[in-house]
>>> print(open('data29.txt').read())   # compact mmCIF, C-alpha atoms
# COMPACT_ATOMS: atom_id res chain seq x y z
CA MET B 1200 -39.88 -41.04 -32.96
CA SER B 1201 -36.91 -43.06 -34.15
CA GLY B 1202 -33.73 -43.32 -32.04
CA ASN B 1203 -31.91 -40.94 -34.37
CA GLY B 1204 -34.75 -38.45 -34.27
CA CYS B 1205 -34.79 -38.58 -30.49
CA CYS B 1206 -31.07 -37.91 -30.28
CA ILE B 1207 -31.32 -35.01 -32.68
CA GLY B 1208 -34.19 -33.57 -30.65
CA LEU B 1209 -32.26 -33.85 -27.41
CA LEU B 1210 -29.23 -32.24 -29.05
CA LEU B 1211 -31.31 -29.29 -30.25
CA VAL B 1212 -32.81 -28.85 -26.79
CA SER B 1213 -29.32 -28.93 -25.21
CA LEU B 1214 -27.96 -26.40 -27.69
CA LEU B 1215 -30.95 -24.13 -27.16
CA SER B 1216 -30.56 -24.35 -23.39
CA ALA B 1217 -26.86 -23.55 -23.65
CA CYS B 1218 -27.61 -20.54 -25.83
CA ILE B 1219 -30.18 -19.28 -23.32
CA VAL B 1220 -27.73 -19.69 -20.42
CA PHE B 1221 -24.94 -18.01 -22.39
CA ALA B 1222 -27.20 -15.13 -23.41
CA GLY B 1223 -28.17 -14.62 -19.77
CA GLN B 1224 -24.55 -14.27 -18.61
CA PRO B 1225 -23.03 -10.77 -18.56
CA GLN B 1226 -20.07 -10.23 -20.83
CA THR B 1227 -16.78 -9.54 -19.07
CA GLN B 1228 -15.91 -5.88 -19.57
CA LEU B 1229 -13.16 -3.95 -17.82
CA SER B 1230 -14.08 -0.78 -15.96
CA ASN B 1231 -11.97 2.19 -17.02
CA VAL B 1232 -10.44 3.89 -13.97
CA THR B 1233 -7.91 6.73 -13.99
CA ILE B 1234 -5.53 6.94 -11.03
CA ALA B 1235 -3.13 9.84 -10.55
CA TYR B 1236 -0.03 9.48 -8.38
CA THR B 1237 1.75 12.59 -7.20
CA SER B 1238 5.42 11.68 -6.93
CA ILE B 1239 7.94 9.27 -8.44
CA SER B 1240 8.32 7.74 -5.01
CA PRO B 1241 8.38 4.08 -3.93
CA GLN B 1242 5.58 4.79 -1.47
CA TYR B 1243 3.28 4.61 -4.50
CA ALA B 1244 4.67 1.22 -5.55
CA PRO B 1245 1.52 -0.81 -4.67
CA VAL B 1246 -0.38 1.02 -7.43
CA TRP B 1247 2.47 0.50 -9.90
CA ILE B 1248 2.63 -3.18 -8.95
CA ALA B 1249 -1.14 -3.62 -9.25
CA ARG B 1250 -0.80 -2.63 -12.88
CA GLU B 1251 2.46 -4.38 -13.74
CA ALA B 1252 1.53 -7.66 -12.02
CA GLY B 1253 -1.93 -7.69 -13.61
CA PHE B 1254 -4.00 -7.33 -10.44
CA PHE B 1255 -6.11 -4.49 -11.85
CA LYS B 1256 -6.97 -6.43 -14.98
CA LYS B 1257 -7.64 -9.64 -13.03
CA ASN B 1258 -10.12 -7.73 -10.89
CA GLY B 1259 -11.92 -6.19 -13.86
CA ILE B 1260 -10.19 -2.79 -13.88
CA ASN B 1261 -8.59 -1.13 -16.89
CA ALA B 1262 -6.35 1.19 -14.89
CA HIS B 1263 -4.84 4.29 -16.46
CA LEU B 1264 -2.00 5.56 -14.28
CA VAL B 1265 -1.18 9.25 -14.62
CA TYR B 1266 1.69 11.13 -12.98
CA MET B 1267 0.65 14.54 -11.66
CA ARG B 1268 3.40 16.27 -9.75
CA GLY B 1269 2.12 17.58 -6.45
CA GLY B 1270 -0.95 16.82 -4.37
CA ILE B 1271 -2.67 20.14 -5.07
CA LEU B 1272 -2.92 19.53 -8.83
CA ALA B 1273 -4.03 15.93 -8.38
CA THR B 1274 -6.63 16.83 -5.76
CA GLN B 1275 -8.09 19.47 -8.05
CA ALA B 1276 -8.30 16.87 -10.82
CA LEU B 1277 -10.17 14.51 -8.50
CA VAL B 1278 -12.61 17.19 -7.36
CA SER B 1279 -13.33 18.10 -10.98
CA ASN B 1280 -13.80 14.40 -11.87
CA ASP B 1281 -10.89 14.40 -14.33
CA VAL B 1282 -9.51 11.38 -12.46
CA ASN B 1283 -11.26 8.73 -10.35
CA PHE B 1284 -8.58 8.16 -7.72
CA ILE B 1285 -5.45 9.90 -6.55
CA ASN B 1286 -2.52 8.40 -4.68
CA ALA B 1287 -1.24 11.28 -2.57
CA ALA B 1288 -0.38 12.49 0.91
CA GLY B 1289 -3.34 13.32 3.11
CA GLY B 1290 -2.72 17.01 3.75
CA GLY B 1291 -4.25 18.24 0.50
CA VAL B 1292 -7.30 16.06 1.06
CA VAL B 1293 -7.96 17.69 4.43
CA ASP B 1294 -7.81 21.18 2.95
CA VAL B 1295 -10.28 20.56 0.13
CA VAL B 1296 -12.70 18.63 2.34
CA LEU B 1297 -12.70 21.53 4.78
CA GLY B 1298 -13.52 23.66 1.74
CA GLY B 1299 -16.59 21.54 1.01
CA ALA B 1300 -15.33 18.93 -1.47
CA GLU B 1301 -16.80 15.44 -1.17
CA ILE B 1302 -13.70 13.29 -1.37
CA PHE B 1303 -12.14 10.98 1.19
CA ILE B 1304 -9.29 8.57 1.87
CA VAL B 1305 -10.37 4.99 1.30
CA ALA B 1306 -7.04 3.26 1.92
CA SER B 1307 -3.68 4.30 3.33
CA PRO B 1308 -0.81 1.88 2.68
CA ILE B 1309 1.62 4.04 4.69
CA ASN B 1310 0.66 5.85 7.88
CA GLN B 1311 4.19 6.70 8.96
CA GLU B 1312 6.58 9.45 7.97
CA PRO B 1313 9.10 8.06 5.45
CA GLN B 1314 11.26 11.18 5.19
CA VAL B 1315 14.66 11.21 6.89
CA LEU B 1316 16.35 14.42 8.03
CA VAL B 1317 19.83 14.71 6.48
CA ALA B 1318 22.29 17.51 7.26
CA LYS B 1319 25.80 18.71 6.47
CA LYS B 1320 28.60 16.64 7.94
CA GLU B 1321 29.55 19.24 10.55
CA ILE B 1322 26.03 19.32 11.99
CA ARG B 1323 25.83 16.59 14.60
CA GLU B 1324 22.68 17.59 16.51
CA VAL B 1325 19.30 18.81 15.31
CA ALA B 1326 19.61 21.82 17.62
CA GLN B 1327 22.49 23.05 15.44
CA LEU B 1328 20.02 23.69 12.63
CA LYS B 1329 18.74 26.77 14.42
CA GLY B 1330 19.24 29.73 12.09
CA LYS B 1331 20.00 27.45 9.14
CA LYS B 1332 18.33 27.03 5.73
CA LEU B 1333 16.57 23.81 4.76
CA ALA B 1334 15.48 22.58 1.32
CA VAL B 1335 11.83 21.59 0.89
CA ASN B 1336 9.71 20.39 -1.99
CA SER B 1337 7.49 23.48 -1.83
CA LEU B 1338 6.48 26.11 0.70
CA ALA B 1339 3.18 24.30 1.31
CA GLY B 1340 1.99 20.73 1.36
CA PRO B 1341 2.81 17.42 3.02
CA SER B 1342 6.57 17.49 2.51
CA LEU B 1343 6.88 20.73 4.45
CA LEU B 1344 4.54 19.46 7.16
CA SER B 1345 6.68 16.35 7.55
CA LEU B 1346 9.82 18.42 8.02
CA LYS B 1347 8.12 20.74 10.49
CA MET B 1348 6.98 17.75 12.51
CA ILE B 1349 10.53 16.39 12.61
CA LEU B 1350 11.95 19.75 13.74
CA ALA B 1351 9.28 20.25 16.39
CA ALA B 1352 9.85 16.73 17.70
CA SER B 1353 13.49 17.71 18.18
CA GLY B 1354 12.73 20.88 20.14
CA LEU B 1355 12.98 23.52 17.39
CA ASP B 1356 10.29 26.00 16.38
CA PRO B 1357 9.82 25.14 12.68
CA ASP B 1358 8.29 28.54 11.91
CA ARG B 1359 10.94 30.72 13.59
CA ASP B 1360 14.16 28.81 14.07
CA VAL B 1361 14.86 27.89 10.43
CA SER B 1362 14.24 29.21 6.91
CA TYR B 1363 13.18 27.23 3.86
CA LEU B 1364 14.20 27.07 0.22
CA ALA B 1365 11.75 25.43 -2.20
CA THR B 1366 13.78 23.30 -4.62
CA GLY B 1367 11.43 20.50 -5.67
CA PRO B 1368 11.51 16.71 -5.14
CA SER B 1369 14.13 14.60 -3.36
CA GLY B 1370 16.66 14.64 -6.21
CA SER B 1371 16.63 18.44 -6.38
CA ARG B 1372 16.80 18.77 -2.59
CA PHE B 1373 19.81 16.47 -2.42
CA ALA B 1374 21.49 18.47 -5.18
CA ALA B 1375 20.90 21.66 -3.19
CA LEU B 1376 22.50 20.06 -0.14
CA GLN B 1377 25.48 18.90 -2.19
CA ALA B 1378 25.92 22.38 -3.68
CA GLY B 1379 25.92 24.00 -0.23
CA GLN B 1380 22.76 26.00 -0.94
CA VAL B 1381 21.14 24.58 2.18
CA ASP B 1382 22.28 23.07 5.46
CA ALA B 1383 19.81 20.20 5.61
CA THR B 1384 16.82 18.60 3.96
CA THR B 1385 14.63 15.52 4.12
CA LEU B 1386 15.31 12.58 1.82
CA THR B 1387 13.89 9.17 1.06
CA PRO B 1388 15.50 6.22 -0.71
CA PRO B 1389 17.12 5.93 -3.17
CA PHE B 1390 18.77 9.31 -2.44
CA THR B 1391 19.60 8.27 1.12
CA SER B 1392 22.06 5.70 -0.24
CA ALA B 1393 24.24 8.31 -1.96
CA ALA B 1394 23.97 10.64 1.05
CA ARG B 1395 25.21 7.93 3.41
CA LYS B 1396 28.17 7.18 1.18
CA ALA B 1397 29.03 10.89 1.06
CA GLY B 1398 29.11 11.05 4.85
CA TYR B 1399 26.17 13.36 5.52
CA THR B 1400 24.64 13.32 8.99
CA PHE B 1401 21.44 11.32 9.37
CA PHE B 1402 18.85 11.95 12.07
CA GLU B 1403 16.79 8.78 12.20
CA ASN B 1404 14.38 7.27 14.69
CA LEU B 1405 13.85 10.55 16.51
CA SER B 1406 12.02 9.85 19.74
CA GLY B 1407 9.36 12.49 19.13
CA MET B 1408 8.48 10.97 15.75
CA LYS B 1409 8.30 7.29 16.63
CA GLU B 1410 4.61 7.29 17.49
CA ALA B 1411 3.54 9.96 15.01
CA GLU B 1412 1.09 9.03 12.27
CA LEU B 1413 0.64 10.80 8.97
CA PRO B 1414 -1.24 9.44 5.94
CA ASN B 1415 1.26 9.00 3.13
CA ALA B 1416 0.44 7.45 -0.24
CA ALA B 1417 -3.24 7.63 0.65
CA LEU B 1418 -5.69 6.29 -1.92
CA VAL B 1419 -8.40 8.91 -2.34
CA THR B 1420 -11.65 8.94 -4.32
CA SER B 1421 -14.79 11.05 -4.59
CA ARG B 1422 -18.21 10.36 -3.21
CA LYS B 1423 -19.54 10.71 -6.75
CA PHE B 1424 -17.37 7.88 -8.09
CA LEU B 1425 -17.90 5.64 -5.06
CA ASP B 1426 -21.67 5.99 -5.34
CA ALA B 1427 -21.71 5.48 -9.12
CA GLU B 1428 -19.13 2.66 -9.31
CA PRO B 1429 -19.02 0.88 -5.92
CA LEU B 1430 -17.75 -2.42 -7.35
CA ALA B 1431 -15.02 -0.75 -9.41
CA ALA B 1432 -13.91 1.21 -6.33
CA GLU B 1433 -13.74 -1.99 -4.32
CA MET B 1434 -11.74 -3.76 -7.02
CA VAL B 1435 -9.24 -0.89 -7.19
CA ILE B 1436 -8.62 -1.14 -3.44
CA LYS B 1437 -8.47 -4.93 -3.64
CA SER B 1438 -5.84 -4.67 -6.38
CA VAL B 1439 -3.74 -2.22 -4.35
CA ILE B 1440 -3.86 -4.55 -1.33
CA GLU B 1441 -2.60 -7.33 -3.61
CA GLY B 1442 0.12 -4.89 -4.69
CA ILE B 1443 1.15 -4.45 -1.05
CA HIS B 1444 1.31 -8.22 -0.59
CA PHE B 1445 3.42 -8.53 -3.77
CA TYR B 1446 5.83 -5.86 -2.48
CA LYS B 1447 6.24 -7.67 0.82
CA THR B 1448 6.71 -11.14 -0.65
CA GLU B 1449 8.35 -10.74 -4.07
CA GLN B 1450 11.85 -9.63 -3.12
CA THR B 1451 13.32 -9.93 -6.60
CA LYS B 1452 10.38 -8.88 -8.77
CA THR B 1453 9.50 -5.75 -6.79
CA PRO B 1454 12.85 -3.94 -7.33
CA ALA B 1455 12.44 -4.52 -11.07
CA ILE B 1456 9.13 -2.63 -11.00
CA LEU B 1457 10.67 0.14 -8.88
CA LYS B 1458 13.46 0.39 -11.44
CA LYS B 1459 10.98 0.84 -14.27
CA TYR B 1460 8.99 3.65 -12.67
CA MET B 1461 11.78 5.42 -10.79
CA LYS B 1462 14.38 5.13 -13.57
CA VAL B 1463 16.98 3.97 -11.03
CA GLU B 1464 19.67 1.67 -12.36
CA ASN B 1465 21.84 1.16 -9.28
CA ALA B 1466 21.06 -2.25 -7.76
CA GLU B 1467 22.27 -1.22 -4.31
CA GLU B 1468 20.00 1.82 -4.26
CA LEU B 1469 17.06 -0.26 -5.40
CA GLN B 1470 17.68 -2.79 -2.66
CA GLU B 1471 17.90 -0.09 0.01
CA THR B 1472 14.67 1.38 -1.31
CA TYR B 1473 12.93 -1.97 -1.19
CA GLU B 1474 14.08 -2.75 2.35
CA PHE B 1475 13.12 0.71 3.63
CA TYR B 1476 9.52 0.59 2.44
CA VAL B 1477 8.81 -3.10 2.99
CA LYS B 1478 8.65 -2.35 6.73
CA MET B 1479 6.36 0.64 6.28
CA LEU B 1480 3.66 -0.76 4.06
CA ALA B 1481 0.65 -1.89 6.06
CA GLU B 1482 -0.85 -5.28 5.23
CA LYS B 1483 -4.25 -3.83 6.13
CA PRO B 1484 -4.24 -0.28 4.77
CA TYR B 1485 -6.92 1.23 6.98
CA PRO B 1486 -7.23 5.01 6.66
CA SER B 1487 -5.84 6.52 9.84
CA ALA B 1488 -8.08 8.84 11.87
CA ARG B 1489 -5.08 9.53 14.08
CA GLY B 1490 -3.05 10.58 11.05
CA ILE B 1491 -5.83 12.94 9.97
CA GLN B 1492 -5.89 14.41 13.46
CA THR B 1493 -2.17 15.13 13.11
CA ILE B 1494 -2.88 17.18 9.98
CA LEU B 1495 -5.76 19.00 11.66
CA ASP B 1496 -3.59 19.83 14.67
CA TRP B 1497 -0.96 21.41 12.43
CA SER B 1498 -3.40 23.25 10.19
CA LYS B 1499 -3.65 27.01 10.48
CA ARG B 1500 -7.28 26.96 9.36
CA ALA B 1501 -9.77 27.91 12.03
CA ASP B 1502 -12.28 25.30 10.87
CA ALA B 1503 -9.69 22.54 11.32
CA ARG B 1504 -9.93 22.86 15.11
CA LYS B 1505 -13.53 21.64 15.17
CA ALA B 1506 -13.29 19.08 12.37
CA ASN B 1507 -13.91 15.40 13.00
CA PRO B 1508 -11.25 13.10 11.46
CA ALA B 1509 -14.03 10.69 10.44
CA GLN B 1510 -15.28 13.09 7.77
CA PHE B 1511 -12.03 12.70 5.80
CA ILE B 1512 -11.93 8.91 5.61
CA ASN B 1513 -14.09 6.02 4.47
CA THR B 1514 -13.04 2.66 5.88
CA ARG B 1515 -15.96 0.64 4.51
CA ILE B 1516 -14.18 -1.17 1.66
CA VAL B 1517 -11.03 -2.08 3.60
CA GLU B 1518 -13.22 -3.26 6.48
CA LYS B 1519 -15.27 -5.41 4.09
CA LEU B 1520 -12.20 -7.05 2.53
CA ASP B 1521 -10.71 -7.59 5.97
CA ARG B 1522 -13.94 -9.06 7.36
CA GLN B 1523 -14.19 -11.44 4.41
CA GLY B 1524 -10.72 -12.75 5.17
CA PHE B 1525 -9.31 -11.61 1.84
CA ILE B 1526 -6.28 -9.82 3.30
CA ASP B 1527 -5.32 -12.52 5.78
CA GLY B 1528 -5.85 -15.08 3.02
CA LEU B 1529 -3.11 -13.48 0.92
CA TYR B 1530 -0.54 -14.11 3.63
CA TRP B 1531 -1.76 -17.60 4.53
CA LYS B 1532 -1.13 -18.93 1.04
>>> encode(input="data29.txt", output="structure tokens")
Amino acid sequence: MSGNGCCIGLLLVSLLSACIVFAGQPQTQLSNVTIAYTSISPQYAPVWIAREAGFFKKNGINAHLVYMRGGILATQALVSNDVNFINAAGGGVVDVVLGGAEIFIVASPINQEPQVLVAKKEIREVAQLKGKKLAVNSLAGPSLLSLKMILAASGLDPDRDVSYLATGPSGSRFAALQAGQVDATTLTPPFTSAARKAGYTFFENLSGMKEAELPNAALVTSRKFLDAEPLAAEMVIKSVIEGIHFYKTEQTKTPAILKKYMKVENAEELQETYEFYVKMLAEKPYPSARGIQTILDWSKRADARKANPAQFINTRIVEKLDRQGFIDGLYWK
């Protein structure tokens, strides 16, 4: 064979080999995942960030974020497979699992209670709330449990010493306090900023609440989805962990994302919100068995007394990412 013929032959072989290798490689395709979050609250910021900063897409996830007000509605959607994940407080998860649903918490970015008890100016001690009316999001659910825990930690009987008025989320509760419809409520930033300026009484760092754990902003999925799409589930959690890292390290970019989702324009309120939650977000968002036990202890269900906290959580994916050094690696960069 001539030199030219040899070169042409080698070229054809190389092209054929390249085609075979290319044909054997899987095409990159994003996995569609629907995630519902249950409140316009900064505690859900890691999920918002994972979308806005491109972490979901980088990790092969086409994430559809859906707002569903209230944990009950979102949990029902997860059980019925209308969504693949929910970002919600842990109380609703415990109830449906006790009822037989196969869902569990796979990550929990916040295992502390973010709500702050705020009262009228003339109330200077929590004990003065006895006989008073307090605004709550609803007459069931995690927000009410949080308030009851705060009251109990301060020596009040939350079922007998106070009454409750269901007004809705933080903005509505603050409005009820301003209008004099209630004597106190719980608030989170950014509403705490306006309340401080107005001179309302704040009860923060209550001794009985310092060590309490409660799963807030828990990332929850179903056994069905985890079994069918284990890699997609892992990539969702990986993206949220990257969202936590972004929140903790991007001090100027994070408030801009909070502004977009929360529709808050005031720079001072956004900064207070950022600083409040940056301390709460866990670098390693392990689901908290202790937090689940808190919910079980407060539950009025008879079957809650014998339940094992382990049945409500699945730590496998966070453990895997932690063991691989992925989480520590984010902060070593």
>>> closest_atom_pairs(input="data29.txt", of="range 1252-1309 of chain B", to="range 1465-1483 of chain B", cutoff="10 Å", atoms="all atoms listed in the file", output="tab-separated table")
residue	atom	partner	partner_atom	distance
B:Ala1306	CA	B:Lys1483	CA	8.7
B:Ser1307	CA	B:Ala1481	CA	8.0
B:Pro1308	CA	B:Ala1481	CA	5.3
B:Ile1309	CA	B:Leu1480	CA	5.3
>>> closest_residue(input="data29.txt", among="B:Glu1410, B:Asp1281, B:Glu1441, B:Asp1496", to="Ala1244 in chain B", atoms="only C-alpha atoms")
B:Glu1441
>>> residues_around(input="data29.txt", residues="range 1420-1437 of chain B", least_positions_apart="5", cutoff="8 Å", atoms="only C-alpha atoms", output="ChimeraX atom specification")
/B:1230,1232,1255,1258-1260,1277-1278,1283-1285,1301-1306,1516-1517,1520
>>> atom_distance(input="data29.txt", atom1="CA of Ala1509 in chain B", atom2="CA of Thr1233 in chain B")
25.5 Å
>>> atom_distance(input="data29.txt", atom1="CA of Lys1347 in chain B", atom2="CA of Ala1383 in chain B")
12.7 Å
>>> atom_distance(input="data29.txt", atom1="CA of Glu1412 in chain B", atom2="CA of Pro1341 in chain B")
12.6 Å
>>> residues_near_point(input="data29.txt", point="(18.9, 12.9, -3.0)", cutoff="8 Å", atoms="only C-alpha atoms", output="list in words")
Ser1369, Gly1370, Ser1371, Arg1372, Phe1373, Ala1374, Leu1386, Thr1387, Pro1388, Pro1389, Phe1390, Thr1391, Ala1393 and Ala1394 of chain B
>>> residues_around(input="data29.txt", residues="Glu1403 in chain B", least_positions_apart="2", cutoff="8 Å", atoms="only C-alpha atoms", output="PyMOL selection string")
chain B and resi 1315-1316+1401+1405
>>> closest_residue(input="data29.txt", among="B:Lys1499, B:Leu1457, B:Ser1438, B:Lys1447", to="Gly1253 in chain B", atoms="all atoms listed in the file")
B:Ser1438
>>> residues_around(input="data29.txt", residues="Thr1448 in chain B", least_positions_apart="5", cutoff="10 Å", atoms="only C-alpha atoms", output="tab-separated table (two decimals) with C-alpha atoms, keeping the file's coordinate frame")
chain	number	residue	atom	x	y	z
B	1442	GLY	CA	0.12	-4.89	-4.69
B	1443	ILE	CA	1.15	-4.45	-1.05
B	1453	THR	CA	9.50	-5.75	-6.79
B	1477	VAL	CA	8.81	-3.10	2.99
B	1530	TYR	CA	-0.54	-14.11	3.63
>>> residues_around(input="data29.txt", residues="range 1317-1323 of chain B", least_positions_apart="2", cutoff="6 Å", atoms="only C-alpha atoms", output="PyMOL selection string")
chain B and resi 1382-1385+1399-1401
>>> write_last_selection(input="data29.txt", atoms="C-alpha atoms", output="tab-separated table (two decimals), in the frame of the given file")
chain	number	residue	atom	x	y	z
B	1382	ASP	CA	22.28	23.07	5.46
B	1383	ALA	CA	19.81	20.20	5.61
B	1384	THR	CA	16.82	18.60	3.96
B	1385	THR	CA	14.63	15.52	4.12
B	1399	TYR	CA	26.17	13.36	5.52
B	1400	THR	CA	24.64	13.32	8.99
B	1401	PHE	CA	21.44	11.32	9.37
>>> closest_residue(input="data29.txt", among="B:Leu1297, B:Val1265, B:Leu1229, B:Ala1273", to="Lys1505 in chain B", atoms="all atoms listed in the file")
B:Leu1297
